[in-house]
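S.K.: One file: structure-v4.cif (mmCIF, C-alpha atoms).
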```cif
data_start
loop_
_atom_site.label_atom_id
_atom_site.label_comp_id
_atom_site.auth_asym_id
_atom_site.auth_seq_id
_atom_site.Cartn_x
_atom_site.Cartn_y
_atom_site.Cartn_z
CA MET A 1 164.10 205.28 -31.74
CA GLY A 2 161.77 202.28 -31.71
CA PHE A 3 161.60 199.46 -29.23
CA ASP A 4 165.11 198.32 -28.24
CA ILE A 5 165.13 194.62 -29.16
CA ARG A 6 168.77 194.12 -28.26
CA GLN A 7 168.38 195.53 -24.76
CA TYR A 8 165.24 193.42 -24.35
CA ASN A 9 167.11 190.30 -25.47
CA ASP A 10 169.95 191.00 -23.00
CA MET A 11 167.38 191.35 -20.24
CA LEU A 12 165.74 188.01 -21.16
CA LYS A 13 169.14 186.30 -21.15
CA ALA A 14 170.15 187.82 -17.81
CA ASN A 15 166.88 186.49 -16.34
CA ASN A 16 167.24 182.99 -17.86
CA VAL A 17 164.12 183.40 -19.97
CA SER A 18 163.99 180.75 -22.65
CA VAL A 19 160.56 181.37 -24.20
CA ILE A 20 158.42 184.49 -23.93
CA TYR A 21 155.09 185.25 -25.53
CA SER A 22 153.10 188.44 -25.26
CA GLY A 23 149.97 189.02 -27.25
CA PRO A 24 146.61 187.55 -28.15
CA ILE A 25 145.62 184.25 -26.57
CA TRP A 26 142.72 182.29 -28.07
CA ALA A 27 141.53 178.68 -28.03
CA ASN A 28 142.87 177.62 -31.45
CA GLY A 29 146.06 179.63 -30.96
CA ILE A 30 147.31 177.24 -28.30
CA ASP A 31 148.45 174.76 -31.00
CA GLY A 32 151.28 176.99 -32.22
CA MET A 33 152.38 178.01 -28.73
CA ALA A 34 152.33 174.40 -27.57
CA GLU A 35 154.54 173.29 -30.46
CA MET A 36 157.03 176.03 -29.57
CA VAL A 37 157.13 174.97 -25.90
CA LEU A 38 157.31 171.23 -26.74
CA LYS A 39 160.19 171.88 -29.15
CA ARG A 40 162.04 173.87 -26.49
CA LEU A 41 161.55 171.02 -23.97
CA GLU A 42 162.73 168.47 -26.55
CA PHE A 43 166.11 170.27 -26.77
CA GLU A 44 166.60 169.71 -23.05
CA GLU A 45 166.26 165.91 -23.25
CA LEU A 46 164.45 165.84 -19.94
CA PRO A 47 162.94 162.82 -18.20
CA ARG A 48 159.35 162.37 -19.42
CA SER A 49 157.71 163.16 -16.07
CA LEU A 50 159.59 166.45 -15.82
CA SER A 51 158.87 167.64 -19.36
CA MET A 52 155.19 166.63 -19.08
CA SER A 53 154.91 168.51 -15.77
CA VAL A 54 156.32 171.66 -17.35
CA PHE A 55 154.07 171.26 -20.38
CA SER A 56 151.00 170.66 -18.24
CA ILE A 57 151.62 173.83 -16.20
CA PHE A 58 152.06 175.78 -19.45
CA VAL A 59 148.69 174.54 -20.79
CA GLU A 60 146.82 175.27 -17.55
CA GLN A 61 148.34 178.77 -17.26
CA ILE A 62 147.24 179.58 -20.82
CA ASN A 63 143.75 178.18 -20.09
CA ASN A 64 143.67 180.21 -16.88
CA MET A 65 144.55 183.40 -18.78
CA MET A 66 141.85 182.72 -21.39
CA PHE A 67 139.32 182.30 -18.63
CA TYR A 68 140.28 185.10 -16.23
CA SER A 69 141.78 187.80 -18.46
CA ALA A 70 139.82 191.03 -18.17
CA GLU A 71 141.27 192.13 -21.51
CA LYS A 72 139.00 190.23 -23.89
CA GLU A 73 137.73 191.01 -27.35
CA LEU A 74 135.34 189.18 -29.62
CA HIS A 75 136.61 188.63 -33.16
CA THR A 76 134.51 187.46 -36.05
CA GLY A 77 136.45 185.36 -38.54
CA ALA A 78 135.98 185.09 -42.31
CA GLY A 79 133.63 182.12 -41.85
CA GLY A 80 131.41 184.17 -39.54
CA ASP A 81 132.52 182.29 -36.41
CA THR A 82 133.02 184.44 -33.35
CA GLU A 83 135.90 183.74 -31.03
CA GLU A 84 137.06 185.26 -27.81
CA VAL A 85 140.60 186.64 -27.76
CA SER A 86 142.33 187.45 -24.48
CA ARG A 87 145.62 189.22 -23.85
CA GLY A 88 148.42 187.87 -21.72
CA VAL A 89 152.13 187.29 -21.25
CA PHE A 90 153.74 183.89 -20.78
CA VAL A 91 157.34 183.11 -19.80
CA LEU A 92 159.26 179.82 -19.58
CA GLY A 93 162.69 179.99 -18.04
CA VAL A 94 165.44 177.60 -17.00
CA ASP A 95 167.62 178.41 -14.01
CA GLY A 96 169.97 175.57 -13.13
CA ASP A 97 167.77 172.55 -12.50
CA ALA A 98 164.64 174.68 -12.05
CA TYR A 99 162.06 175.36 -14.74
CA PHE A 100 159.95 178.38 -13.97
CA LEU A 101 156.71 179.33 -15.68
CA GLN A 102 155.10 182.72 -15.29
CA SER A 103 151.86 184.09 -16.64
CA GLY A 104 150.69 187.70 -16.51
CA ASN A 105 147.29 189.15 -17.29
CA VAL A 106 144.79 191.77 -16.19
CA VAL A 107 141.92 190.55 -14.00
CA THR A 108 138.92 192.19 -12.35
CA ASP A 109 138.97 192.82 -8.60
CA SER A 110 136.43 190.04 -8.09
CA SER A 111 138.49 187.50 -10.12
CA ALA A 112 141.57 188.55 -8.13
CA ALA A 113 139.78 187.76 -4.88
CA ILE A 114 138.68 184.31 -6.16
CA LEU A 115 142.15 183.47 -7.52
CA LYS A 116 143.89 184.51 -4.32
CA GLU A 117 141.54 182.46 -2.16
CA ARG A 118 141.85 179.35 -4.39
CA ILE A 119 145.65 179.51 -4.66
CA ASP A 120 146.05 180.02 -0.88
CA HIS A 121 143.75 177.06 -0.28
CA ILE A 122 145.64 174.85 -2.77
CA ASN A 123 149.03 175.88 -1.38
CA SER A 124 147.99 174.65 2.07
CA MET A 125 147.63 171.05 0.76
CA SER A 126 150.13 168.21 0.37
CA LYS A 127 150.52 166.41 -2.99
CA GLN A 128 148.33 163.55 -1.72
CA GLU A 129 145.65 165.98 -0.54
CA LEU A 130 145.76 167.72 -3.93
CA ARG A 131 145.17 164.39 -5.67
CA GLN A 132 142.11 163.76 -3.49
CA TYR A 133 140.91 167.34 -4.02
CA SER A 134 141.09 166.87 -7.84
CA LYS A 135 138.89 163.78 -7.52
CA GLN A 136 136.49 165.71 -5.31
CA LEU A 137 136.20 168.54 -7.87
CA LEU A 138 135.68 166.02 -10.71
CA ASN A 139 132.88 164.31 -8.83
CA ALA A 140 131.21 167.56 -7.80
CA ASP A 141 128.02 168.13 -9.80
CA ASP A 142 129.18 171.23 -11.58
CA SER A 143 132.69 171.75 -10.25
CA LEU A 144 132.98 175.24 -8.70
CA PRO A 145 130.23 177.64 -9.76
CA GLY A 146 131.21 179.70 -12.80
CA SER A 147 134.63 178.12 -13.06
CA LYS A 148 134.43 176.03 -16.29
CA GLY A 149 136.96 173.63 -14.78
CA ALA A 150 139.36 176.43 -13.84
CA GLY A 151 139.32 175.19 -10.25
CA ILE A 152 140.81 171.88 -11.40
CA GLY A 153 143.33 173.74 -13.57
CA LEU A 154 144.90 175.52 -10.60
CA VAL A 155 145.03 172.22 -8.68
CA GLU A 156 146.76 170.65 -11.69
CA ILE A 157 149.40 173.44 -11.67
CA ALA A 158 150.05 172.80 -7.96
CA ARG A 159 150.24 169.02 -8.47
CA ARG A 160 152.86 169.32 -11.22
CA SER A 161 154.95 172.02 -9.45
CA THR A 162 157.62 171.20 -6.90
CA ASP A 163 157.27 174.60 -5.17
CA PRO A 164 154.07 176.32 -3.96
CA ILE A 165 152.37 178.58 -6.51
CA ARG A 166 153.46 182.20 -6.00
CA TYR A 167 151.42 185.18 -7.12
CA ILE A 168 151.42 188.97 -7.19
CA PHE A 169 148.38 191.19 -7.59
CA GLU A 170 149.23 194.78 -8.44
CA PRO A 171 146.89 197.77 -8.81
CA TYR A 172 146.05 198.40 -12.47
CA GLU A 173 143.28 200.63 -13.72
CA GLN A 174 140.08 201.20 -11.79
CA SER A 175 138.58 197.92 -10.47
CA LEU A 176 141.32 195.94 -12.28
CA GLN A 177 144.53 194.30 -11.08
CA TYR A 178 147.58 192.86 -12.79
CA PHE A 179 147.94 189.19 -11.88
CA THR A 180 151.29 187.41 -12.14
CA MET A 181 151.48 183.69 -11.38
CA TYR A 182 154.77 181.81 -10.82
CA ALA A 183 155.14 178.03 -10.86
CA THR A 184 158.41 176.14 -10.46
CA VAL A 185 159.37 172.55 -11.32
CA ARG A 186 162.73 171.36 -10.05
CA GLN A 187 164.43 168.38 -11.61
CA ARG A 188 165.59 167.08 -8.22
CA GLY A 189 162.03 167.09 -6.90
CA LYS A 190 160.89 164.96 -9.84
CA GLU A 191 163.38 162.12 -9.60
CA MET B 1 122.36 154.82 -40.21
CA ALA B 2 125.08 153.85 -37.78
CA PHE B 3 127.04 156.70 -36.24
CA PHE B 4 130.61 157.00 -37.54
CA VAL B 5 133.21 159.68 -36.84
CA GLU B 6 136.89 159.63 -37.71
CA ARG B 7 138.99 162.73 -37.17
CA GLU B 8 142.73 163.15 -37.65
CA ARG B 9 144.78 164.37 -34.70
CA THR B 10 145.95 167.97 -34.43
CA SER B 11 148.53 169.42 -31.98
CA SER B 12 145.81 169.89 -29.37
CA THR B 13 143.16 167.32 -30.25
CA PRO B 14 143.46 163.53 -30.46
CA TYR B 15 142.81 161.10 -33.30
CA THR B 16 139.15 160.25 -32.76
CA LEU B 17 137.30 157.19 -34.01
CA VAL B 18 133.76 156.32 -33.02
CA ASP B 19 132.20 153.42 -34.93
CA GLU B 20 128.73 152.42 -33.80
CA SER B 21 128.59 149.36 -36.12
CA LYS B 22 131.61 147.89 -34.32
CA GLY B 23 130.68 149.17 -30.83
CA TYR B 24 134.08 150.81 -30.71
CA MET B 25 135.70 154.14 -29.82
CA ARG B 26 139.37 155.15 -29.80
CA LEU B 27 141.16 158.36 -28.80
CA GLU B 28 144.89 158.71 -29.40
CA GLY B 29 147.33 161.61 -29.09
CA LYS B 30 147.19 164.76 -27.00
CA CYS B 31 144.09 166.63 -25.91
CA PHE B 32 144.35 170.13 -24.45
CA HIS B 33 142.12 172.33 -26.56
CA GLU B 34 140.29 174.80 -24.32
CA ARG B 35 136.97 174.16 -26.09
CA VAL B 36 137.20 170.39 -25.89
CA ALA B 37 133.61 169.97 -24.65
CA PHE B 38 132.38 171.89 -27.69
CA LEU B 39 134.57 169.86 -30.08
CA PHE B 40 133.26 166.57 -28.69
CA ARG B 41 129.59 167.55 -28.59
CA ASP B 42 128.68 165.19 -31.48
CA VAL B 43 130.37 162.25 -29.76
CA ASN B 44 128.72 163.14 -26.45
CA GLU B 45 125.28 163.38 -28.05
CA PHE B 46 125.78 160.02 -29.74
CA LEU B 47 126.97 158.34 -26.53
CA ALA B 48 124.06 159.70 -24.50
CA GLU B 49 121.54 158.05 -26.82
CA TYR B 50 123.54 154.93 -27.65
CA LEU B 51 124.41 154.00 -24.06
CA ALA B 52 120.81 154.39 -22.91
CA GLY B 53 119.77 151.74 -25.48
CA ASP B 54 120.51 148.05 -25.90
CA PHE B 55 124.06 148.04 -27.20
CA GLY B 56 125.52 144.75 -25.93
CA LEU B 57 129.27 145.40 -25.84
CA PHE B 58 131.08 148.71 -26.27
CA VAL B 59 134.87 149.01 -26.19
CA PHE B 60 136.71 152.31 -25.61
CA ASP B 61 140.47 152.34 -26.16
CA CYS B 62 141.88 155.51 -24.59
CA ALA B 63 145.48 156.02 -25.73
CA ILE B 64 145.82 159.72 -24.94
CA ASP B 65 149.32 160.53 -23.67
CA TYR B 66 148.49 163.96 -22.25
CA PHE B 67 145.28 165.87 -21.55
CA ASN B 68 144.46 169.08 -19.71
CA SER B 69 142.01 169.69 -16.88
CA SER B 70 139.03 170.54 -19.13
CA THR B 71 139.56 167.21 -20.90
CA THR B 72 139.83 165.41 -17.55
CA LYS B 73 136.35 166.69 -16.78
CA LEU B 74 135.03 165.63 -20.20
CA LEU B 75 136.51 162.11 -19.95
CA HIS B 76 135.36 161.69 -16.37
CA ASN B 77 131.80 162.57 -17.40
CA MET B 78 132.00 160.09 -20.32
CA LEU B 79 133.30 157.35 -18.03
CA MET B 80 130.61 157.96 -15.43
CA GLN B 81 127.95 157.67 -18.11
CA MET B 82 129.50 154.48 -19.53
CA ASP B 83 129.65 153.10 -16.00
CA LYS B 84 126.00 153.88 -15.34
CA TYR B 85 124.83 151.94 -18.40
CA SER B 86 127.25 149.02 -18.14
CA VAL B 87 124.59 146.83 -16.52
CA GLY B 88 122.36 143.86 -17.38
CA GLY B 89 123.00 142.69 -20.94
CA ASN B 90 125.15 145.74 -21.69
CA LYS B 91 128.84 145.94 -20.99
CA VAL B 92 131.45 148.66 -21.49
CA VAL B 93 135.15 147.85 -21.54
CA ILE B 94 137.69 150.67 -21.22
CA ASN B 95 141.32 150.01 -22.04
CA TRP B 96 143.42 152.83 -20.58
CA LEU B 97 146.57 152.52 -22.69
CA THR B 98 149.72 154.25 -21.43
CA THR B 99 153.44 153.78 -20.95
CA HIS B 100 155.49 153.16 -17.78
CA ASP B 101 157.14 156.61 -17.96
CA ASN B 102 153.85 158.50 -18.13
CA ASP B 103 153.19 159.15 -14.41
CA ILE B 104 150.40 161.63 -15.05
CA MET B 105 148.31 159.23 -17.17
CA ILE B 106 148.96 156.30 -14.82
CA GLU B 107 147.80 158.34 -11.79
CA CYS B 108 144.76 159.58 -13.67
CA GLY B 109 143.86 156.02 -14.75
CA GLU B 110 144.14 154.84 -11.12
CA ASP B 111 141.94 157.71 -9.92
CA PHE B 112 139.30 157.09 -12.60
CA LYS B 113 139.27 153.37 -11.79
CA GLU B 114 138.39 154.16 -8.16
CA ASP B 115 135.25 156.03 -9.28
CA ILE B 116 133.99 153.13 -11.41
CA HIS B 117 131.63 150.40 -10.20
CA ASN B 118 130.19 148.48 -13.16
CA LEU B 119 132.29 148.68 -16.29
CA GLU B 120 135.53 146.81 -16.94
CA PHE B 121 138.47 149.20 -16.66
CA ASN B 122 141.85 147.88 -17.74
CA LEU B 123 144.92 149.95 -16.95
CA VAL B 124 147.38 148.75 -19.57
CA ILE B 125 150.95 150.01 -18.93
CA LYS B 126 153.59 149.19 -21.55
#
```
Show me, as structure tokens, the structure contained in the file I just sent.

M.R.:
Amino acid sequence: MGFDIRQYNDMLKANNVSVIYSGPIWANGIDGMAEMVLKRLEFEELPRSLSMSVFSIFVEQINNMMFYSAEKELHTGAGGDTEEVSRGVFVLGVDGDAYFLQSGNVVTDSSAAILKERIDHINSMSKQELRQYSKQLLNADDSLPGSKGAGIGLVEIARRSTDPIRYIFEPYEQSLQYFTMYATVRQRGKE
Amino acid sequence: MAFFVERERTSSTPYTLVDESKGYMRLEGKCFHERVAFLFRDVNEFLAEYLAGDFGLFVFDCAIDYFNSSTTKLLHNMLMQMDKYSVGGNKVVINWLTTHDNDIMIECGEDFKEDIHNLEFNLVIK
């Protein structure tokens, strides 16, 4: 028997999962995923600030996966262009008035240490402090070393969430860990 | 020959118009492509040379309704460069065009305005 789609679907429903994506993640691929998420948010008829917060977290989580995923391959297209393709899982769920966004990907031990330190640091700040911190990172000569703006991306996730960012790092293969990030936006917190 | 670029919007990149002959640039739509710095390299190269010269007046209408953190960095760098050269006989005017229900763009406009010293930055909320 192959993969049990029906059981999988029941599990998604029971966990209030509204959109799930598992597979390749690449720079140009974000267009299709974004349209899917925007369409899903349109159905909800949410206030603009709430839907844009959810959308913004989605974009930054995808960007974060593209940057930190340890499962990366280089593909050469028909035109000879090379692009980097990462692997990851993304989930958008609705539970009552809460929108939750989860991302899952494999990271190296050293990325895990950086991510953990940055998220803990960001979680210790108030919304006003986060706004100032964003400005500080923008005005820094080269942002954080080796971060390609990823430092600002995590701050953006925290600014748009109503709850602190939660994370789990689980042992994976040698020198790798499985990183799950949870962000939550509550409608009440956005009114 | 004067620099001219016009690109249609996609889901993740904005409508882009840069017209050197009119001293004008406009971005409109959404911008969250991960390789935004790469996609805007021609515009950045043009601006670097153009702003360092004697351009008189340059107007930038920014009507983006959402952008991601990589784009924030790109725009901030552009604004800082425009600010640096908006002196003497040269002037840059930025019109930050947004709507009253777009909290994220309003906050970002306010934050950018605080970092600017020379150019004219108009936060236009409709």

S.K.: Find the distance between atom CA of A:Glu42 and atom CA of A:Asn105 and write it in Å to one decimal.

M.R.: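 So the two atoms, atom CA of A:Glu42 and atom CA of A:Asn105, lie 27.4 Å apart.
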
S.K.: When you count all atoms listed in the file, which of these residues is closest to B:Phe112: B:Lys91, B:Lys84, B:Lys126, B:Lys73?

M.R.: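 Among B:Lys91, B:Lys84, B:Lys126, B:Lys73, it is B:Lys73 that comes nearest to B:Phe112.
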
S.K.: Distance table requested - chain A against chain B, cut-off 8 Å, all atoms listed in the file: one row per qualifying residue with the closest atom pair and its distance in Å to one decimal, ordered by chain and rising residue number, as JSON lines.

M.R.:
```
{"residue": "A:Ala27", "atom": "CA", "partner": "B:Glu34", "partner_atom": "CA", "distance": 5.5}
{"residue": "A:Asn28", "atom": "CA", "partner": "B:His33", "partner_atom": "CA", "distance": 7.2}
{"residue": "A:Ile30", "atom": "CA", "partner": "B:His33", "partner_atom": "CA", "distance": 7.4}
{"residue": "A:Asp31", "atom": "CA", "partner": "B:Ser11", "partner_atom": "CA", "distance": 5.4}
{"residue": "A:Ala34", "atom": "CA", "partner": "B:Ser11", "partner_atom": "CA", "distance": 7.7}
{"residue": "A:Glu35", "atom": "CA", "partner": "B:Ser11", "partner_atom": "CA", "distance": 7.3}
{"residue": "A:Arg48", "atom": "CA", "partner": "B:Asp101", "partner_atom": "CA", "distance": 6.3}
{"residue": "A:Ser49", "atom": "CA", "partner": "B:Asp103", "partner_atom": "CA", "distance": 6.3}
{"residue": "A:Met52", "atom": "CA", "partner": "B:Tyr66", "partner_atom": "CA", "distance": 7.9}
{"residue": "A:Ser56", "atom": "CA", "partner": "B:Asn68", "partner_atom": "CA", "distance": 6.9}
{"residue": "A:Val59", "atom": "CA", "partner": "B:Asn68", "partner_atom": "CA", "distance": 7.0}
{"residue": "A:Glu60", "atom": "CA", "partner": "B:Asn68", "partner_atom": "CA", "distance": 7.0}
{"residue": "A:Asn63", "atom": "CA", "partner": "B:Glu34", "partner_atom": "CA", "distance": 6.4}
{"residue": "A:Lys135", "atom": "CA", "partner": "B:Asp111", "partner_atom": "CA", "distance": 7.2}
{"residue": "A:Leu138", "atom": "CA", "partner": "B:Lys73", "partner_atom": "CA", "distance": 6.1}
{"residue": "A:Lys148", "atom": "CA", "partner": "B:Ser70", "partner_atom": "CA", "distance": 7.7}
{"residue": "A:Gly149", "atom": "CA", "partner": "B:Ser70", "partner_atom": "CA", "distance": 5.7}
{"residue": "A:Ala150", "atom": "CA", "partner": "B:Ser69", "partner_atom": "CA", "distance": 7.9}
{"residue": "A:Ile152", "atom": "CA", "partner": "B:Ser69", "partner_atom": "CA", "distance": 6.0}
{"residue": "A:Gly153", "atom": "CA", "partner": "B:Ser69", "partner_atom": "CA", "distance": 5.4}
{"residue": "A:Glu156", "atom": "CA", "partner": "B:Ser69", "partner_atom": "CA", "distance": 7.1}
```

S.K.: Name every residue that the PyMOL selection byres ((chain B and resi 61) around 7) selects in this structure, writing the answer as a list in words with chains first and numbers rising.

M.R.: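 Output from the PyMOL selection byres ((chain B and resi 61) around 7), applied to this file: Met25, Arg26, Leu27, Val59, Phe60, Cys62, Ala63, Ile94, Asn95 and Trp96 of chain B.
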
S.K.: Find, counting all atoms listed in the file, the residue in B:Ile64, B:Leu57, B:Met78, B:Val18 that gets nearest to B:Ala37.

M.R.: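 Of all the options, B:Met78 lies closest to B:Ala37.
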
S.K.: Using all atoms listed in the file, which residues sit within 9 Å of B:Phe4 once same-chain residues fewer than 3 positions away are excluded, as a list in words?

M.R.: Met1, Leu17, Val18, Asp19, Glu20 and Ser21 of chain B

S.K.: Written as a list in words, what is the full residue list that the PyMOL selection byres ((chain A and resi 188) around 12) yields on the file shown?

M.R.: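 For this structure, the PyMOL selection byres ((chain A and resi 188) around 12) resolves to Leu46, Pro47, Ser49, Leu50, Gly96, Asp97, Ala98, Tyr99, Ser161, Thr162, Asp163, Thr184, Val185, Arg186, Gln187, Gly189, Lys190 and Glu191 of chain A.
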
S.K.: Written as a ChimeraX atom specification, which residues does the PyMOL selection byres ((chain A and resi 40) around 12) give for the file shown?

M.R.: /A:17-20,33-39,41-46,51,54-55,92-94,99

S.K.: Atom CA of B:Leu79 and atom CA of B:Glu28, how far apart in Å?

M.R.: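 Answer for the atom CA of B:Glu28 to atom CA of B:Leu79 separation: 16.3 Å.
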
S.K.: I'd like to know which of A:Gly88, A:Gly29, A:Gly77, A:Gly151 is closest to A:Tyr133, using only C-alpha atoms.

M.R.: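 Checking each candidate against A:Tyr133, we get A:Gly151 as the closest.
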
S.K.: Could you check which residues have any atom within 10 Å of (142.6, 188.5, -9.9), counting only C-alpha atoms with coordinates taken straight from the file, and then list them as an mmCIF file with C-alpha atoms, in the frame of the given file?

M.R.:
```cif
data_model
loop_
_atom_site.group_PDB
_atom_site.id
_atom_site.type_symbol
_atom_site.label_atom_id
_atom_site.label_comp_id
_atom_site.auth_asym_id
_atom_site.auth_seq_id
_atom_site.Cartn_x
_atom_site.Cartn_y
_atom_site.Cartn_z
ATOM 1 C CA TYR A 68 140.280 185.100 -16.230
ATOM 2 C CA SER A 69 141.780 187.800 -18.460
ATOM 3 C CA ALA A 70 139.820 191.030 -18.170
ATOM 4 C CA ASN A 105 147.290 189.150 -17.290
ATOM 5 C CA VAL A 106 144.790 191.770 -16.190
ATOM 6 C CA VAL A 107 141.920 190.550 -14.000
ATOM 7 C CA THR A 108 138.920 192.190 -12.350
ATOM 8 C CA ASP A 109 138.970 192.820 -8.600
ATOM 9 C CA SER A 110 136.430 190.040 -8.090
ATOM 10 C CA SER A 111 138.490 187.500 -10.120
ATOM 11 C CA ALA A 112 141.570 188.550 -8.130
ATOM 12 C CA ALA A 113 139.780 187.760 -4.880
ATOM 13 C CA ILE A 114 138.680 184.310 -6.160
ATOM 14 C CA LEU A 115 142.150 183.470 -7.520
ATOM 15 C CA LYS A 116 143.890 184.510 -4.320
ATOM 16 C CA GLU A 117 141.540 182.460 -2.160
ATOM 17 C CA TYR A 167 151.420 185.180 -7.120
ATOM 18 C CA ILE A 168 151.420 188.970 -7.190
ATOM 19 C CA PHE A 169 148.380 191.190 -7.590
ATOM 20 C CA GLU A 170 149.230 194.780 -8.440
ATOM 21 C CA LEU A 176 141.320 195.940 -12.280
ATOM 22 C CA GLN A 177 144.530 194.300 -11.080
ATOM 23 C CA TYR A 178 147.580 192.860 -12.790
ATOM 24 C CA PHE A 179 147.940 189.190 -11.880
ATOM 25 C CA THR A 180 151.290 187.410 -12.140
#
```

S.K.: Which distance in Å separates atom CA of A:Gln174 and atom CA of A:Lys72, to one decimal?

M.R.: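 Spanning atom CA of A:Gln174 to atom CA of A:Lys72 is a straight-line distance of 16.4 Å.
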
S.K.: Of the candidates B:Met82, B:Leu119, B:Val124, B:Val5, which shows the shortest atom-to-atom distance to B:Ala48, using only C-alpha atoms?

M.R.: B:Met82

S.K.: Please give the centre and size of the box around stretch 119-124 of chain B (axis-aligned, containing every atom listed in the file, 3 Å added per side), with values in Å to one decimal and written as AutoDock Vina command-line options.

M.R.:
```
--center_x 139.8 --center_y 148.4 --center_z -17.9 --size_x 21.1 --size_y 9.1 --size_z 9.3
```

S.K.: I need the residue nearest B:Tyr24 from this list: B:Asn118, B:Glu49, B:Phe3, B:Gly89. Use all atoms listed in the file for the distance.

M.R.: B:Phe3

S.K.: Please complete stretch 6-19 of chain B so it has N, CA and C atoms, and hand it over as a short mmCIF file (atom, residue, chain, number, x, y, z; two decimals), in the frame of the given file.

M.R.:
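Contents of out_35.cif, freshly written:
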```cif
data_model
loop_
_atom_site.label_atom_id
_atom_site.label_comp_id
_atom_site.auth_asym_id
_atom_site.auth_seq_id
_atom_site.Cartn_x
_atom_site.Cartn_y
_atom_site.Cartn_z
N GLU B 6 135.44 159.84 -37.77
CA GLU B 6 136.89 159.63 -37.71
C GLU B 6 137.54 160.98 -37.98
N ARG B 7 138.33 161.43 -37.02
CA ARG B 7 138.99 162.73 -37.17
C ARG B 7 140.49 162.58 -36.93
N GLU B 8 141.27 163.19 -37.81
CA GLU B 8 142.73 163.15 -37.65
C GLU B 8 143.15 163.95 -36.42
N ARG B 9 144.30 163.62 -35.86
CA ARG B 9 144.78 164.37 -34.70
C ARG B 9 145.33 165.73 -35.14
N THR B 10 145.27 166.69 -34.23
CA THR B 10 145.95 167.97 -34.43
C THR B 10 146.90 168.10 -33.23
N SER B 11 147.63 169.24 -33.12
CA SER B 11 148.53 169.42 -31.98
C SER B 11 147.77 169.30 -30.66
N SER B 12 146.53 169.81 -30.65
CA SER B 12 145.81 169.89 -29.37
C SER B 12 144.57 169.02 -29.28
N THR B 13 144.30 168.24 -30.33
CA THR B 13 143.16 167.32 -30.25
C THR B 13 143.58 165.93 -30.72
N PRO B 14 143.00 164.89 -30.14
CA PRO B 14 143.46 163.53 -30.46
C PRO B 14 142.82 162.95 -31.72
N TYR B 15 143.45 161.92 -32.27
CA TYR B 15 142.81 161.10 -33.30
C TYR B 15 141.55 160.55 -32.64
N THR B 16 140.43 160.67 -33.34
CA THR B 16 139.15 160.25 -32.76
C THR B 16 138.44 159.31 -33.71
N LEU B 17 138.08 158.13 -33.22
CA LEU B 17 137.30 157.19 -34.01
C LEU B 17 136.14 156.70 -33.16
N VAL B 18 134.94 156.88 -33.68
CA VAL B 18 133.76 156.32 -33.02
C VAL B 18 132.98 155.57 -34.09
N ASP B 19 132.84 154.25 -33.92
CA ASP B 19 132.20 153.42 -34.93
C ASP B 19 131.09 152.60 -34.26
#
```
